[in-house]
Amino acid sequence: MVVASIVWKWILDPDNGVLNYLIFQTGLFKRESAPHWLRWLRDPTGGSMAGLLIVGVWKRIGYNAVIFLAGLQNIPADYYEAATLEGASVWEKFRSITLPLLSPTTFFVTIMEVCSAIKVSVSPLVMTKGGPVNSTEVLVLGIYKEAFENFRMGYASAMAVFVFVLIMAITVFQFQFGEKKVHYQ
């Protein structure tokens with residue numbers, strides 16, 4: 001993730017980055033009058049966090065696609081065939097077969113992604129070091145800074161326990177109220 005973060009830092013560079021170059025070449029915006037969020041990792045009002053979100057989505061989308069593909073392949077084709085014989089439309093098959101039978105997969109991916117989002121730290125550290133103006137200082141990066149920059153190990157440990165309790169509470173909440181419609185074999 002360190003190497004990927006360095007590459008994305010270069011892609012999102014407001015002055016010499018590939019993404020802004022392509023945006024300006026298309027004529028959507030002029031360099032002189034570009035919106036503030038195109039400053040990506042230097043914009044404290046949202047552009048820097050948007051850049052980190054792009055990297056996070058890019059990092060996890062392949063993994064999640066494989067999980068959903070496995071879930072889709074686990075749905076028996078007989079269900080779709082029966083629905084076709086009954087005259088169901090594509091939307092009805094999706095709503096009545098695919099979504100309910102993918103609910104355990106969706107439940108798993110949701111839990112994994114929430115946990116992953118809470119414990120993200122490498123890309124904010126490498127790309128912005130928590131800046132500008134602490135706009136990208138996420139919880140785990142704060143733990144790192146408290147422990148290894150400010151040498152406040154007790155405070156960092158308390159923050160780590162809080163992260164554990166937060167992840168546990170969210171997971172228990174998802175298990176209690178998450179939608180687990182179908183469990184088939």
# chains A, B, ... in the order shown; residues from 1 in each chain; ligands from 1
call {"tool": "residues_around", "arguments": {"residues": "Met1 of chain A", "least_positions_apart": "4", "cutoff": "9 Å", "atoms": "only C-alpha atoms", "output": "list in words"}}
result
Ser5, Ile6, Lys59, Val122 and Ser123 of chain A
call {"tool": "write_last_selection", "arguments": {"atoms": "N, CA and C atoms", "output": "short mmCIF file (atom, residue, chain, number, x, y, z; two decimals), in the first residue's frame"}}
result
data_model
loop_
_atom_site.label_atom_id
_atom_site.label_comp_id
_atom_site.auth_asym_id
_atom_site.auth_seq_id
_atom_site.Cartn_x
_atom_site.Cartn_y
_atom_site.Cartn_z
N SER A 5 0.29 4.18 -2.61
CA SER A 5 0.03 5.53 -2.11
C SER A 5 0.97 6.54 -2.74
N ILE A 6 2.22 6.16 -2.93
CA ILE A 6 3.17 7.06 -3.59
C ILE A 6 2.76 7.32 -5.03
N LYS A 59 -8.33 0.54 -3.93
CA LYS A 59 -7.64 -0.57 -3.26
C LYS A 59 -8.58 -1.75 -3.01
N VAL A 122 -2.31 3.75 6.32
CA VAL A 122 -1.13 3.85 5.48
C VAL A 122 -1.25 4.96 4.45
N SER A 123 -2.35 4.98 3.70
CA SER A 123 -2.47 6.01 2.65
C SER A 123 -2.53 7.42 3.22
#
call {"tool": "residues_around", "arguments": {"residues": "Leu53 of chain A", "least_positions_apart": "4", "cutoff": "12 Å", "atoms": "only C-alpha atoms", "output": "PDB file with C-alpha atoms, in the first residue's frame"}}
result
ATOM      1  CA  SER A   5       0.032   5.531  -2.112  1.00  0.00           C
ATOM      2  CA  TRP A   8      -1.533   7.898  -6.249  1.00  0.00           C
ATOM      3  CA  LEU A  12      -3.339  13.397  -7.642  1.00  0.00           C
ATOM      4  CA  TRP A  40      -6.697  17.190  -4.276  1.00  0.00           C
ATOM      5  CA  LEU A  41      -4.223  16.432  -1.500  1.00  0.00           C
ATOM      6  CA  GLY A  46     -12.693  18.120   1.163  1.00  0.00           C
ATOM      7  CA  GLY A  47     -10.414  17.594  -1.807  1.00  0.00           C
ATOM      8  CA  SER A  48      -7.724  15.892   0.266  1.00  0.00           C
ATOM      9  CA  MET A  49     -10.200  13.471   1.834  1.00  0.00           C
ATOM     10  CA  VAL A  57     -12.058   2.532  -3.211  1.00  0.00           C
ATOM     11  CA  TRP A  58      -9.422   1.631  -5.792  1.00  0.00           C
ATOM     12  CA  LYS A  59      -7.643  -0.570  -3.257  1.00  0.00           C
ATOM     13  CA  ARG A  60     -10.714  -2.560  -2.196  1.00  0.00           C
ATOM     14  CA  ILE A  61     -12.862  -2.759  -5.331  1.00  0.00           C
ATOM     15  CA  ALA A 117     -12.478   1.978   6.717  1.00  0.00           C
ATOM     16  CA  VAL A 120      -7.118   2.833   7.422  1.00  0.00           C
ATOM     17  CA  SER A 123      -2.467   6.006   2.648  1.00  0.00           C
ATOM     18  CA  PRO A 124      -3.178   9.074   4.846  1.00  0.00           C
ATOM     19  CA  MET A 127       0.042  10.802   1.018  1.00  0.00           C
ATOM     20  CA  THR A 136      -7.055  13.770   6.741  1.00  0.00           C
ATOM     21  CA  VAL A 138      -7.937   9.509  10.683  1.00  0.00           C
TER      22      VAL A 138
END
call {"tool": "residues_around", "arguments": {"residues": "segment 144-160 of chain A", "least_positions_apart": "4", "cutoff": "10 Å", "atoms": "only C-alpha atoms", "output": "PyMOL selection string"}}
result
chain A and resi 119+121+125+129-130+137+139-140+164-166
call {"tool": "select_by_dssp", "arguments": {"residues": "chain A", "states": "helix (DSSP H, G or I)", "output": "NGL selection string"}}
result
:A and (2-11 or 18-26 or 36-42 or 47-73 or 77-85 or 90-101 or 103-118 or 122-127 or 139-148 or 153-177)
call {"tool": "residues_around", "arguments": {"residues": "Ala83 of chain A", "least_positions_apart": "3", "cutoff": "12 Å", "atoms": "only C-alpha atoms", "output": "ChimeraX atom specification"}}
result
/A:76-80,86-98
call {"tool": "residues_around", "arguments": {"residues": "Pro132 of chain A", "least_positions_apart": "3", "cutoff": "6 Å", "atoms": "only C-alpha atoms", "output": "number ranges by chain"}}
result
A: 42, 44, 135
